[in-house]
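With CSV, C-alpha atoms and all ligand atoms inside, this is structure-v6.csv:
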```csv
chain,number,residue,atom,x,y,z
A,21,MET,CA,-39.4,-1.9,61.9
A,22,LEU,CA,-43.1,-1.8,63.0
A,23,GLN,CA,-44.5,-4.1,65.6
A,24,ILE,CA,-48.2,-4.0,66.5
A,25,LYS,CA,-49.5,-6.3,69.2
A,26,ASN,CA,-53.1,-7.0,70.1
A,27,LEU,CA,-54.1,-3.4,69.3
A,28,HIS,CA,-57.6,-2.5,70.4
A,29,VAL,CA,-59.0,1.0,69.5
A,30,LYS,CA,-62.3,2.6,70.2
A,31,LEU,CA,-63.8,5.9,69.2
A,32,GLU,CA,-63.4,8.6,71.9
A,33,GLU,CA,-66.8,10.1,71.2
A,34,GLU,CA,-68.9,7.0,71.3
A,35,ASP,CA,-68.6,3.5,72.7
A,36,LYS,CA,-67.6,1.9,69.4
A,37,GLN,CA,-64.8,-0.6,69.2
A,38,ILE,CA,-63.1,-0.4,65.8
A,39,LEU,CA,-59.8,-2.3,66.1
A,40,LYS,CA,-60.3,-5.6,68.0
A,41,GLY,CA,-56.8,-7.0,68.4
A,42,VAL,CA,-54.6,-6.2,65.4
A,43,ASP,CA,-51.3,-8.0,65.3
A,44,LEU,CA,-48.8,-7.0,62.6
A,45,SER,CA,-45.0,-7.1,62.3
A,46,VAL,CA,-43.2,-5.4,59.4
A,47,GLU,CA,-39.6,-6.2,58.9
A,48,PRO,CA,-37.0,-3.6,57.6
A,49,GLY,CA,-37.0,-3.3,53.9
A,50,LYS,CA,-40.3,-5.1,53.4
A,51,VAL,CA,-43.5,-4.1,51.7
A,52,HIS,CA,-46.7,-5.3,53.4
A,53,ALA,CA,-50.1,-4.8,51.9
A,54,ILE,CA,-53.4,-4.6,53.7
A,55,MET,CA,-56.6,-5.3,51.9
A,56,GLY,CA,-60.1,-5.8,53.2
A,57,PRO,CA,-63.7,-4.8,52.8
A,58,ASN,CA,-64.9,-1.3,53.4
A,59,GLY,CA,-65.3,-0.4,57.1
A,60,SER,CA,-62.9,-3.1,58.3
A,61,GLY,CA,-60.7,-0.5,60.1
A,62,LYS,CA,-57.8,0.0,57.7
A,63,SER,CA,-57.9,3.8,57.8
A,64,THR,CA,-58.4,3.7,61.5
A,65,LEU,CA,-55.2,1.7,61.9
A,66,SER,CA,-53.2,4.2,59.9
A,67,TYR,CA,-54.8,7.2,61.7
A,68,VAL,CA,-54.0,5.7,65.1
A,69,LEU,CA,-50.4,5.0,64.1
A,70,SER,CA,-49.9,8.5,62.9
A,71,GLY,CA,-51.5,10.0,66.1
A,72,ARG,CA,-54.8,11.5,64.9
A,73,ASP,CA,-57.2,12.7,67.6
A,74,GLY,CA,-60.5,11.0,68.3
A,75,TYR,CA,-59.3,7.5,69.0
A,76,GLU,CA,-58.6,5.7,72.2
A,77,VAL,CA,-56.2,2.8,72.5
A,78,THR,CA,-57.8,0.5,75.1
A,79,GLU,CA,-55.3,-2.4,74.8
A,80,GLY,CA,-52.1,-3.4,73.0
A,81,SER,CA,-49.0,-1.7,71.7
A,82,ALA,CA,-47.3,-0.3,68.6
A,83,THR,CA,-43.5,0.2,68.4
A,84,LEU,CA,-41.4,1.7,65.6
A,85,LEU,CA,-37.8,0.4,65.8
A,86,GLY,CA,-38.5,-0.6,69.4
A,87,GLU,CA,-39.9,2.7,70.5
A,88,ASP,CA,-43.4,3.0,71.7
A,89,ILE,CA,-45.1,5.4,69.3
A,90,LEU,CA,-48.6,5.5,70.8
A,91,ASP,CA,-47.4,7.9,73.6
A,92,MET,CA,-45.7,10.2,71.1
A,93,GLU,CA,-47.1,13.5,69.6
A,94,PRO,CA,-47.7,13.2,65.8
A,95,GLU,CA,-44.6,15.3,65.0
A,96,GLU,CA,-42.5,13.1,67.3
A,97,ARG,CA,-43.7,10.1,65.4
A,98,ALA,CA,-42.8,11.8,62.1
A,99,ALA,CA,-39.3,12.6,63.5
A,100,ALA,CA,-39.0,9.0,64.5
A,101,GLY,CA,-39.5,8.1,60.8
A,102,LEU,CA,-43.2,7.4,60.4
A,103,PHE,CA,-45.0,8.8,57.3
A,104,LEU,CA,-48.6,8.6,56.4
A,105,ALA,CA,-49.8,9.3,52.8
A,106,PHE,CA,-53.5,10.2,53.0
A,107,GLN,CA,-56.4,8.7,51.1
A,108,TYR,CA,-57.6,12.3,50.7
A,109,PRO,CA,-54.7,14.8,50.7
A,110,VAL,CA,-55.5,18.0,52.5
A,111,GLU,CA,-55.5,21.4,50.7
A,112,ILE,CA,-53.7,24.2,52.5
A,113,PRO,CA,-54.6,27.6,51.0
A,114,GLY,CA,-52.1,30.3,51.5
A,115,VAL,CA,-49.1,28.0,52.0
A,116,GLY,CA,-46.8,27.5,49.0
A,117,ASN,CA,-46.0,23.9,48.3
A,118,MET,CA,-42.2,24.6,48.3
A,119,THR,CA,-42.4,26.5,51.6
A,120,PHE,CA,-44.4,23.7,53.1
A,121,LEU,CA,-41.9,21.0,52.1
A,122,ARG,CA,-38.9,23.1,53.2
A,123,THR,CA,-40.5,23.7,56.6
A,124,ALA,CA,-41.4,20.1,57.1
A,125,VAL,CA,-37.9,18.9,56.0
A,126,ASN,CA,-36.1,21.3,58.3
A,127,ALA,CA,-38.4,20.7,61.3
A,128,GLN,CA,-37.6,17.0,60.9
A,129,ARG,CA,-33.9,17.6,60.6
A,130,LYS,CA,-34.0,19.8,63.7
A,131,ALA,CA,-35.9,17.2,65.7
A,132,ARG,CA,-33.2,14.7,64.7
A,133,GLY,CA,-30.4,17.1,65.7
A,134,GLU,CA,-29.3,17.7,62.1
A,135,ASP,CA,-28.4,21.0,60.4
A,136,GLU,CA,-31.0,22.7,58.2
A,137,LEU,CA,-30.6,22.2,54.5
A,138,SER,CA,-29.4,25.4,52.8
A,139,ALA,CA,-31.9,27.0,50.4
A,140,ALA,CA,-29.7,26.0,47.4
A,141,ASP,CA,-29.4,22.4,48.5
A,142,PHE,CA,-33.1,22.1,49.2
A,143,LEU,CA,-34.0,23.6,45.8
A,144,LYS,CA,-31.7,21.2,44.0
A,145,GLU,CA,-33.1,18.2,45.8
A,146,VAL,CA,-36.8,19.2,45.5
A,147,ARG,CA,-36.5,19.9,41.8
A,148,ALA,CA,-34.8,16.6,41.1
A,149,LYS,CA,-37.3,14.6,43.1
A,150,ALA,CA,-40.3,16.5,41.6
A,151,LYS,CA,-39.0,15.9,38.1
A,152,ALA,CA,-38.8,12.2,38.7
A,153,LEU,CA,-42.5,12.3,39.7
A,154,LYS,CA,-43.4,14.5,36.7
A,155,ILE,CA,-44.4,17.3,39.0
A,156,ASP,CA,-43.7,20.6,37.3
A,157,ALA,CA,-42.2,23.7,38.7
A,158,ASP,CA,-45.5,25.5,38.7
A,159,MET,CA,-47.0,23.0,41.1
A,160,LEU,CA,-44.2,23.6,43.5
A,161,LYS,CA,-45.0,27.2,43.7
A,162,ARG,CA,-48.8,26.9,44.1
A,163,PRO,CA,-50.5,26.5,47.5
A,164,VAL,CA,-50.4,22.9,48.8
A,165,ASN,CA,-52.8,20.8,46.8
A,166,VAL,CA,-55.1,23.7,46.1
A,167,GLY,CA,-56.7,23.1,42.7
A,168,PHE,CA,-54.5,20.0,42.1
A,169,SER,CA,-56.1,17.1,40.3
A,170,GLY,CA,-56.5,13.8,42.1
A,171,GLY,CA,-53.4,12.4,40.5
A,172,GLU,CA,-51.4,15.5,41.2
A,173,LYS,CA,-52.3,15.4,44.9
A,174,LYS,CA,-51.2,11.8,45.2
A,175,ARG,CA,-48.0,12.5,43.4
A,176,ASN,CA,-47.5,15.4,45.7
A,177,GLU,CA,-47.9,13.0,48.7
A,178,ILE,CA,-45.1,10.8,47.2
A,179,LEU,CA,-42.9,13.9,46.8
A,180,GLN,CA,-43.4,14.7,50.5
A,181,MET,CA,-42.5,11.2,51.3
A,182,ALA,CA,-39.4,11.4,49.0
A,183,MET,CA,-38.3,14.6,50.7
A,184,LEU,CA,-38.8,13.5,54.3
A,185,GLU,CA,-37.1,10.1,53.7
A,186,PRO,CA,-39.1,8.2,56.3
A,187,LYS,CA,-38.3,4.7,57.6
A,188,MET,CA,-41.9,3.4,57.8
A,189,CYS,CA,-44.3,4.6,55.1
A,190,ILE,CA,-48.0,4.0,55.3
A,191,LEU,CA,-50.0,4.6,52.1
A,192,ASP,CA,-53.8,4.6,52.7
A,193,GLU,CA,-55.5,3.9,49.4
A,194,THR,CA,-53.1,6.2,47.6
A,195,ASP,CA,-54.4,4.5,44.4
A,196,SER,CA,-58.1,5.4,44.9
A,197,GLY,CA,-59.4,7.7,42.2
A,198,LEU,CA,-56.3,7.5,40.1
A,199,ASP,CA,-56.3,6.6,36.4
A,200,VAL,CA,-53.8,3.9,35.3
A,201,ASP,CA,-51.1,6.3,34.3
A,202,ALA,CA,-51.2,8.3,37.6
A,203,MET,CA,-51.2,5.0,39.5
A,204,LYS,CA,-48.1,3.8,37.6
A,205,LEU,CA,-46.4,7.1,38.5
A,206,VAL,CA,-47.2,6.7,42.2
A,207,ALA,CA,-46.1,3.1,42.1
A,208,GLU,CA,-42.8,4.1,40.4
A,209,GLY,CA,-42.3,6.8,43.0
A,210,VAL,CA,-42.8,4.2,45.8
A,211,ASN,CA,-40.6,1.6,44.1
A,212,ALA,CA,-37.8,4.2,43.7
A,213,LEU,CA,-37.9,4.7,47.5
A,214,ARG,CA,-37.7,1.0,48.4
A,215,SER,CA,-34.6,0.3,50.3
A,216,GLU,CA,-33.2,-2.0,53.0
A,217,GLY,CA,-33.8,0.4,55.7
A,218,ARG,CA,-37.3,1.5,54.7
A,219,SER,CA,-40.6,-0.4,55.0
A,220,PHE,CA,-44.0,0.2,53.5
A,221,LEU,CA,-47.5,-0.6,54.6
A,222,VAL,CA,-49.7,-0.3,51.5
A,223,ILE,CA,-53.4,-0.2,52.1
A,224,THR,CA,-55.4,-0.8,49.0
A,225,HIS,CA,-58.8,-2.0,47.8
A,226,TYR,CA,-57.6,-3.2,44.5
A,227,GLN,CA,-55.0,-5.8,43.4
A,228,ARG,CA,-54.0,-3.7,40.4
A,229,LEU,CA,-51.7,-1.4,42.6
A,230,LEU,CA,-49.9,-4.5,43.8
A,231,ASP,CA,-49.1,-5.4,40.2
A,232,HIS,CA,-46.8,-2.3,40.3
A,233,ILE,CA,-45.8,-2.3,43.9
A,234,LYS,CA,-44.9,-5.9,44.5
A,235,PRO,CA,-45.6,-6.7,48.2
A,236,ASP,CA,-43.6,-9.2,50.2
A,237,VAL,CA,-46.6,-10.0,52.5
A,238,VAL,CA,-50.4,-9.5,52.1
A,239,HIS,CA,-52.8,-9.2,55.0
A,240,ILE,CA,-56.5,-9.3,54.9
A,241,MET,CA,-58.3,-7.2,57.5
A,242,ALA,CA,-62.0,-7.6,58.4
A,243,ASP,CA,-64.0,-6.3,61.3
A,244,GLY,CA,-61.0,-4.8,63.1
A,245,ARG,CA,-58.6,-7.7,62.9
A,246,ILE,CA,-56.1,-9.3,60.5
A,247,ILE,CA,-57.9,-12.5,59.5
A,248,LYS,CA,-55.4,-13.9,57.1
A,249,THR,CA,-51.7,-13.3,56.1
A,250,GLY,CA,-50.0,-14.7,53.0
A,251,GLY,CA,-47.9,-13.9,49.9
A,252,PRO,CA,-48.8,-11.9,46.8
A,253,GLU,CA,-51.0,-14.8,45.7
A,254,LEU,CA,-53.5,-13.8,48.5
A,255,ALA,CA,-54.2,-10.5,46.7
A,256,LEU,CA,-54.9,-12.4,43.5
A,257,GLU,CA,-57.2,-14.7,45.3
A,258,VAL,CA,-59.2,-11.8,46.7
A,259,GLU,CA,-59.3,-10.2,43.2
A,260,ASN,CA,-60.7,-13.3,41.7
A,261,ASN,CA,-63.1,-14.5,44.5
A,262,GLY,CA,-63.8,-11.4,46.6
A,263,TYR,CA,-63.8,-11.6,50.4
A,264,ALA,CA,-66.8,-13.8,51.0
A,265,ASP,CA,-64.9,-17.1,51.0
A,266,LEU,CA,-62.2,-15.8,53.4
A,267,LEU,CA,-64.8,-14.3,55.7
A,268,ALA,CA,-66.8,-17.6,55.8
A,269,GLU,CA,-63.5,-19.5,56.4
A,270,VAL,CA,-62.8,-17.4,59.5
A,271,ALA,CA,-66.5,-17.5,60.7
B,301,LIG,P1,-61.7,1.2,56.2
B,301,LIG,O1,-60.6,2.2,56.0
B,301,LIG,O2,-61.2,-0.2,56.2
B,301,LIG,O3,-62.8,1.3,55.1
B,301,LIG,P2,-62.3,2.7,58.5
B,301,LIG,O4,-61.2,2.6,59.4
B,301,LIG,O5,-62.5,3.9,57.8
B,301,LIG,O6,-62.4,1.4,57.6
B,301,LIG,O7,-63.7,2.5,59.4
B,301,LIG,C1,-63.9,1.4,60.3
B,301,LIG,C2,-65.2,1.5,61.0
B,301,LIG,O8,-65.1,2.5,61.9
B,301,LIG,C3,-66.3,1.9,60.1
B,301,LIG,O9,-67.5,1.2,60.5
B,301,LIG,C4,-66.5,3.3,60.2
B,301,LIG,O10,-67.8,3.8,60.0
B,301,LIG,C5,-66.1,3.5,61.7
B,301,LIG,N1,-65.5,4.8,62.0
B,301,LIG,C6,-64.2,5.2,61.8
B,301,LIG,N2,-64.0,6.4,62.2
B,301,LIG,C7,-65.2,6.9,62.7
B,301,LIG,C8,-65.7,8.1,63.3
B,301,LIG,N3,-64.8,9.1,63.5
B,301,LIG,N4,-67.0,8.2,63.7
B,301,LIG,C9,-67.8,7.1,63.5
B,301,LIG,N5,-67.5,6.0,63.0
B,301,LIG,C10,-66.2,5.8,62.6
B,302,MG,MG,-63.0,3.1,53.4
B,303,MG,MG,-60.1,3.6,54.5
```
Can the structure from this file be put into structure tokens for me?
Amino acid sequence: MLQIKNLHVKLEEEDKQILKGVDLSVEPGKVHAIMGPNGSGKSTLSYVLSGRDGYEVTEGSATLLGEDILDMEPEERAAAGLFLAFQYPVEIPGVGNMTFLRTAVNAQRKARGEDELSAADFLKEVRAKAKALKIDADMLKRPVNVGFSGGEKKRNEILQMAMLEPKMCILDETDSGLDVDAMKLVAEGVNALRSEGRSFLVITHYQRLLDHIKPDVVHIMADGRIIKTGGPELALEVENNGYADLLAEVA
């Protein structure tokens, strides 16, 4: 599904290397988690994959279902099936949530050569999916994320994901700032979307999210590289012992 090879990334503005050779391969239908100390490059990796400005790829490659994504525009990456749920969802004053979702869904369908969803079909779908995430009708009418609580913003990200039906979903610390109930709702939303043809990369600081979204593979990232890969037990090891032992092992 997603194949990253020897990815090196520096900041465009200054001569600072952030990713120093990331190798990662996510198979279809699998959930991979990335953990790691603050500043290790986890968010940078997700930004670079989604096509955010300000980063320069100096070496390496990233492909989605065999297609080179690093040369694509962000909207082409989305049409190819990539989705990034942000650590800090953006507020968009003046744009109704429902309008935003419908525009995004139809733009993606168009890019894929599919017909637009009719207003009635869209409404039916968005209401059903919102209900499952305990997002009320009022939140669908309000401007995107404006005045939403932290938990509501994160649930709204999952609703966007559910509507766009991506193939490769990247969640960057979607659990940060959430109370346990909101985190469970987000995890349930993700679990409901798990399928054979859809993969997830879940970036998280805390093991507790992984109690609810059970990963197949866990990677530890430090100083711009994946330093260790294992099963779910690796997340527990980090929770119990911190990163110090792993970092010392690698050093
Ligand atoms: P993580 O998500 O693992 O906490 P980040 O990817 O946010 O790590 O950051 C990795 C490193 O790159 C940090 O040292 C951070 O300060 C630096 N960095 C990332 N983006 C920028 C930027 N736009 N300007 C300056 N430094 C940056
Ligand atoms: Mg961080
Ligand atoms: Mg981060």
Report task. All residues within 7 Å of ligand MG 303 (chain B) are required, counting all atoms listed in the file; please report them as a VMD selection string. Result -> chain A and resid 58 61 to 63 192 to 193
Exercise for review: Check the smallest atom-to-atom distance from each of A:Met203, A:Ala242, A:Ala268, A:Leu22 to ligand MG 302 (chain B) using only C-alpha atoms and all ligand atoms, then report the winner.
Suggested key: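 Closest to ligand MG 302 (chain B) of all the choices is A:Ala242.
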For Pro235 in chain A, the closest of A:Lys50, A:Leu27, A:Lys36, A:Val258 counting all atoms listed in the file is A:Lys50
Given all atoms listed in the file as the counted atoms, nearest of A:Leu121, A:Ser60, A:Leu184, A:Ser196 to Leu160 in chain A:
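Closest to Leu160 in chain A of all the choices is A:Leu121.
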Give me, as a ChimeraX atom specification, the set of residues whose atoms come within 10 Å of any atom of ligand LIG 301 (chain B), counting all atoms listed in the file. /A:29-39,54-68,73-75,107,192-193,223-225,241-244
Polymer residues at most 9 Å from His52 in chain A, all atoms listed in the file, same-chain spacing of 6 or more positions, as a JSON list (two decimals) with C-alpha atoms, in the frame of the given file:
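File around.json, as written:
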```json
[["chain", "number", "residue", "atom", "x", "y", "z"],
["A", 46, "VAL", "CA", -43.20, -5.40, 59.40],
["A", 219, "SER", "CA", -40.60, -0.40, 55.00],
["A", 220, "PHE", "CA", -44.00, 0.20, 53.50],
["A", 221, "LEU", "CA", -47.50, -0.60, 54.60],
["A", 222, "VAL", "CA", -49.70, -0.30, 51.50],
["A", 223, "ILE", "CA", -53.40, -0.20, 52.10],
["A", 235, "PRO", "CA", -45.60, -6.70, 48.20],
["A", 236, "ASP", "CA", -43.60, -9.20, 50.20],
["A", 237, "VAL", "CA", -46.60, -10.00, 52.50],
["A", 238, "VAL", "CA", -50.40, -9.50, 52.10],
["A", 239, "HIS", "CA", -52.80, -9.20, 55.00]]
```
Please provide as a list in words all residues within 10 Å of Pro186 in chain A, with the sequence filter that same-chain residues fewer than 2 positions apart are discarded (counting all atoms listed in the file).
Ala98, Ala99, Ala100, Gly101, Leu102, Phe103, Leu104, Gln180, Met181, Ala182, Met183, Leu184, Met188, Cys189, Ile190, Leu213, Gly217, Arg218, Ser219 and Phe220 of chain A
Fill in: Straight-line distance linking CA of Ala202 in chain A with atom MG of ligand MG 302 (chain B), stated in Å to one decimal
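So the answer is 20.4 Å.
Note that the spacing between CA of Tyr263 in chain A and CA of Arg245 in chain A amounts to 14.1 Å.
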For Arg72 in chain A, the closest of A:Ala212, A:Gly171, A:Leu143, A:Asp91 counting only C-alpha atoms is A:Asp91
Query raised in the report: Hey, what's within 12 Å of Asp156 in chain A if we count only C-alpha atoms and toss same-chain stuff fewer than 4 positions away? As JSON, numbers by chain, please?
Result: {"A": [117, 118, 146, 147, 148, 149, 150, 151, 152, 160, 161, 162, 168, 172, 175, 176, 179]}
Here CA of His28 in chain A and CA of Lys40 in chain A stand apart by 4.8 Å
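Closest approach to Ser169 in chain A from the set A:Val42, A:Met21, A:Ile155, A:Ile246 is made by A:Ile155, with distances taken over all atoms listed in the file.
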Restricting to all atoms listed in the file, whichever of A:Leu254, A:Gln23, A:Arg97, A:Gly114 is closest to Ala82 in chain A is A:Gln23
Quick one: residues within 10 Å of Asn126 in chain A, only C-alpha atoms, excluding same-chain residues fewer than 6 positions away - as a PyMOL selection string? chain A and resi 132+134-138+142+184
Handout entry: Spatial neighbours of Asp199 in chain A, 12 Å, only C-alpha atoms, chain gap at least 5 places, as a ChimeraX atom specification
Key = /A:169-172,174,194,204-206,228-229
*Once you count only C-alpha atoms, which residues end up no further than 7 Å from (-52.2, 14.6, 49.0) in the file's frame, shown as a PyMOL selection string?*
chain A and resi 105-106+108-110+165+173-174+176-177
Can you put N, CA and C atoms back into range 145-161 of chain A and show it as a short mmCIF file (atom, residue, chain, number, x, y, z; two decimals), keeping the file's coordinate frame?
```cif
data_model
loop_
_atom_site.label_atom_id
_atom_site.label_comp_id
_atom_site.auth_asym_id
_atom_site.auth_seq_id
_atom_site.Cartn_x
_atom_site.Cartn_y
_atom_site.Cartn_z
N GLU A 145 -32.57 19.54 45.47
CA GLU A 145 -33.10 18.20 45.80
C GLU A 145 -34.63 18.18 45.42
N VAL A 146 -35.38 19.22 45.78
CA VAL A 146 -36.80 19.20 45.50
C VAL A 146 -37.09 19.17 44.01
N ARG A 147 -36.29 19.89 43.26
CA ARG A 147 -36.50 19.90 41.80
C ARG A 147 -36.22 18.57 41.17
N ALA A 148 -35.15 17.93 41.63
CA ALA A 148 -34.80 16.60 41.10
C ALA A 148 -35.89 15.59 41.41
N LYS A 149 -36.34 15.61 42.66
CA LYS A 149 -37.30 14.60 43.10
C LYS A 149 -38.69 14.90 42.44
N ALA A 150 -39.03 16.17 42.27
CA ALA A 150 -40.30 16.50 41.60
C ALA A 150 -40.28 16.08 40.16
N LYS A 151 -39.14 16.28 39.52
CA LYS A 151 -39.00 15.90 38.10
C LYS A 151 -39.25 14.43 37.90
N ALA A 152 -38.68 13.64 38.80
CA ALA A 152 -38.80 12.20 38.70
C ALA A 152 -40.31 11.79 38.82
N LEU A 153 -41.10 12.58 39.54
CA LEU A 153 -42.50 12.30 39.70
C LEU A 153 -43.40 13.06 38.71
N LYS A 154 -42.75 13.68 37.73
CA LYS A 154 -43.40 14.50 36.70
C LYS A 154 -44.30 15.59 37.35
N ILE A 155 -43.77 16.19 38.40
CA ILE A 155 -44.40 17.30 39.00
C ILE A 155 -43.71 18.58 38.51
N ASP A 156 -44.46 19.49 37.87
CA ASP A 156 -43.70 20.60 37.30
C ASP A 156 -43.52 21.76 38.25
N ALA A 157 -42.61 22.64 37.86
CA ALA A 157 -42.20 23.70 38.70
C ALA A 157 -43.32 24.58 39.23
N ASP A 158 -44.31 24.74 38.37
CA ASP A 158 -45.50 25.50 38.70
C ASP A 158 -46.23 24.96 39.92
N MET A 159 -46.34 23.64 39.95
CA MET A 159 -47.00 23.00 41.10
C MET A 159 -46.28 23.14 42.39
N LEU A 160 -44.98 23.35 42.30
CA LEU A 160 -44.20 23.60 43.50
C LEU A 160 -44.45 24.93 44.13
N LYS A 161 -44.84 25.87 43.27
CA LYS A 161 -45.00 27.20 43.70
C LYS A 161 -46.46 27.46 44.24
#
```
